[in-house]
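Enquirer: Before anything else, here's the structure in question.
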Amino acid sequence: MVTSASGKVGQVTHFSYGDSGMADLLEYLSGLDLDAGVHILEATVNSDRRIPLVRVVVDTERGITIDELVRIARQLRDEERLPMYLGVSDCRVEVTSPGVSHGLSQPWQFSRHVGRRLAIQIKTPIEELSDGAPLAKPTEEVGRSSQIEGQLIQAGTEGILLEVAGVHEQIPWIQIQKATVQLTW
């Protein structure tokens with residue numbers, strides 16, 4: 001069984017094959033007997049080609065190895081039920097790790113990035129998060145949300161601790177819309 005930290009199959013964030021096929025794909029993926037600790041972050045089906053391409057993004061709390069990616073890809077390719085769930089006679093399969101630009105979507109992903117610089121889009125404007133203390137200015141206003149950058153100090157059960165311009169900001173999980181690792185060269 002492939003599960004997320006919450007005990008559910010990881011989110012399918014893109015699906016271009018049709019909504020009716022999404023439930024079937026999730027059912028198929030949740031029934032697989034993959035290595036323990038493997039999380040499915042994203043599954044997509046590109047049906048623009050003659051033979052649809054199923055792309056599955058997977059990760060583990062410690063990071064995923066190339067050997068694990070190859071093993072999962074082989075298992076998916078050998079699984080005869082996948083095309084049936086998609087309602088096609090054949091399909092291609094690609095299994096990949098999320099990569100740095102993919103962003104962080106699950107709380108368990110953050111602990112691996114303690115000490116790194118993150119760009120975080122939060123739902124509530126930053127000024128409303130703290131207990132009246134002046135906070136660092138957001139780098140950008142995005143609708144009713146704010147985007148800030150800072151160093152990840154800690155990831156816990158309630159949220160993250162981010163250092164922004166020398167100030168430690170506690171940001172609850174529920175407030176985080178999007179987070180990406182910022183690479184420094």
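Naming scheme: A, B, ... for chains in displayed order of the structure tokens; residues 1 onward per chain; ligands 1 onward as shown.
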Please identify all polymer residues within 12 Å of Asp67 in chain A, counting only C-alpha atoms, omitting same-chain residues fewer than 4 positions from it, and present them as a PDB file with C-alpha atoms, in the first residue's frame.

Expert:
ATOM      1  CA  ASP A  35       8.441  -0.464  -0.773  1.00  0.00           C
ATOM      2  CA  GLY A  63      14.874  10.734  -0.239  1.00  0.00           C
ATOM      3  CA  ARG A  71      12.162  -0.931  -9.188  1.00  0.00           C
ATOM      4  CA  ILE A  72       8.890   1.032  -8.999  1.00  0.00           C
ATOM      5  CA  ALA A  73       8.938   1.794 -12.740  1.00  0.00           C
ATOM      6  CA  ARG A  74       9.460  -1.887 -13.551  1.00  0.00           C
ATOM      7  CA  VAL A  95       8.516   7.198 -12.560  1.00  0.00           C
ATOM      8  CA  THR A  96      10.512  10.111 -11.222  1.00  0.00           C
ATOM      9  CA  SER A  97      11.567  11.851  -8.029  1.00  0.00           C
TER      10      SER A  97
END

Enquirer: When you look at range 159-168 of chain A with a cut-off of 8 Å (counting only C-alpha atoms), what residues show up, excluding the ones that are within fewer than 6 positions of it in the same chain? I need them as a list in words.

Expert: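 The contact residues come out as Pro107, Leu135, Ala136, Ile148, Glu149, Gly150, Gln151, Leu152, Ile153 and Ile174 of chain A.
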
Enquirer: In terms of the shortest atom-to-atom distance over only C-alpha atoms, which of A:Val100, A:Ile64, A:Leu53, A:Leu41 is closest to Arg77 in chain A?

Expert: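 Smallest separation from Arg77 in chain A among the options: A:Leu53.
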
Enquirer: Mind pulling up the distance from CA of Ser101 in chain A to CA of Thr184 in chain A?

Expert: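 Distance reported for this atom pair: 13.1 Å.
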
Enquirer: Return the single residue from A:Thr157, A:Ser89, A:Thr65, A:Gln106 that is closest to Ile51 in chain A, with distances computed using only C-alpha atoms.

Expert: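 Looking only at the distances to Ile51 in chain A, the closest residue turns out to be A:Ser89.
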
Enquirer: Got a sec to tell me which of range 16-122 of chain A DSSP assigns to helix (DSSP H, G or I), as a PDB file with C-alpha atoms, in the first residue's frame?

Expert:
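And here is the file that came out, out.pdb:
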ATOM      1  CA  ASP A  19     -12.143  12.765 -14.096  1.00  0.00           C
ATOM      2  CA  SER A  20     -13.724   9.316 -14.360  1.00  0.00           C
ATOM      3  CA  GLY A  21     -10.279   7.754 -14.801  1.00  0.00           C
ATOM      4  CA  MET A  22      -8.789   9.556 -11.790  1.00  0.00           C
ATOM      5  CA  ALA A  23     -10.605   7.395  -9.235  1.00  0.00           C
ATOM      6  CA  ASP A  24      -9.541   4.267 -11.094  1.00  0.00           C
ATOM      7  CA  LEU A  25      -5.916   5.411 -11.200  1.00  0.00           C
ATOM      8  CA  LEU A  26      -5.943   6.202  -7.465  1.00  0.00           C
ATOM      9  CA  GLU A  27      -7.478   2.814  -6.757  1.00  0.00           C
ATOM     10  CA  TYR A  28      -4.803   1.140  -8.814  1.00  0.00           C
ATOM     11  CA  LEU A  29      -1.933   3.059  -7.196  1.00  0.00           C
ATOM     12  CA  SER A  30      -3.246   2.552  -3.657  1.00  0.00           C
ATOM     13  CA  ILE A  66      17.635   5.615  -8.444  1.00  0.00           C
ATOM     14  CA  ASP A  67      17.411   1.903  -7.650  1.00  0.00           C
ATOM     15  CA  GLU A  68      14.040   2.458  -5.963  1.00  0.00           C
ATOM     16  CA  LEU A  69      12.770   4.509  -8.919  1.00  0.00           C
ATOM     17  CA  VAL A  70      13.818   1.771 -11.331  1.00  0.00           C
ATOM     18  CA  ARG A  71      12.162  -0.931  -9.188  1.00  0.00           C
ATOM     19  CA  ILE A  72       8.890   1.032  -8.999  1.00  0.00           C
ATOM     20  CA  ALA A  73       8.938   1.794 -12.740  1.00  0.00           C
ATOM     21  CA  ARG A  74       9.460  -1.887 -13.551  1.00  0.00           C
ATOM     22  CA  GLN A  75       6.659  -2.873 -11.231  1.00  0.00           C
ATOM     23  CA  LEU A  76       4.286  -0.395 -12.889  1.00  0.00           C
ATOM     24  CA  ARG A  77       5.319  -1.445 -16.395  1.00  0.00           C
ATOM     25  CA  ASP A  78       4.850  -5.122 -15.547  1.00  0.00           C
ATOM     26  CA  ARG A  81      -4.001  -3.761 -14.887  1.00  0.00           C
ATOM     27  CA  LEU A  82      -2.773  -0.183 -15.431  1.00  0.00           C
ATOM     28  CA  PRO A  83      -4.016   0.208 -19.033  1.00  0.00           C
ATOM     29  CA  MET A  84      -7.321  -1.370 -18.009  1.00  0.00           C
ATOM     30  CA  TYR A  85      -7.825   1.222 -15.273  1.00  0.00           C
ATOM     31  CA  LEU A  86      -7.193   3.944 -17.840  1.00  0.00           C
ATOM     32  CA  VAL A 100      14.045  20.640  -6.242  1.00  0.00           C
ATOM     33  CA  SER A 101      11.700  22.691  -8.409  1.00  0.00           C
ATOM     34  CA  HIS A 102       8.696  20.462  -7.618  1.00  0.00           C
ATOM     35  CA  PRO A 107       4.736  18.134   6.004  1.00  0.00           C
ATOM     36  CA  TRP A 108       7.172  15.191   6.079  1.00  0.00           C
ATOM     37  CA  GLN A 109       9.111  16.732   3.170  1.00  0.00           C
ATOM     38  CA  PHE A 110      10.136  19.830   5.139  1.00  0.00           C
ATOM     39  CA  SER A 111      12.323  18.082   7.751  1.00  0.00           C
ATOM     40  CA  ARG A 112      14.786  17.078   5.008  1.00  0.00           C
ATOM     41  CA  HIS A 113      15.301  20.735   4.148  1.00  0.00           C
TER      42      HIS A 113
END

Enquirer: So what do you get for CA of Ser47 in chain A versus CA of Val93 in chain A, distance-wise?

Expert: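 Computing the Euclidean distance for CA of Ser47 in chain A and CA of Val93 in chain A yields 12.2 Å.
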
Enquirer: Have a look at CA of Leu104 in chain A and CA of Asp59 in chain A and let me know their distance in Å, one decimal.

Expert: 11.1 Å

Enquirer: Based on DSSP run over this structure's backbone, return all residues of range 59-168 of chain A in strand (DSSP E or B), as a ChimeraX atom specification.

Expert: /A:59,92-96,104,117-122,140-142,145-155,159-164,167-168

Enquirer: Rank A:Glu169, A:Glu42, A:Glu80, A:Glu158 by their smallest atom-to-atom distance to Val57 in chain A, using only C-alpha atoms, and report the top residue only.

Expert: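 For Val57 in chain A, the nearest of the given residues is A:Glu42.
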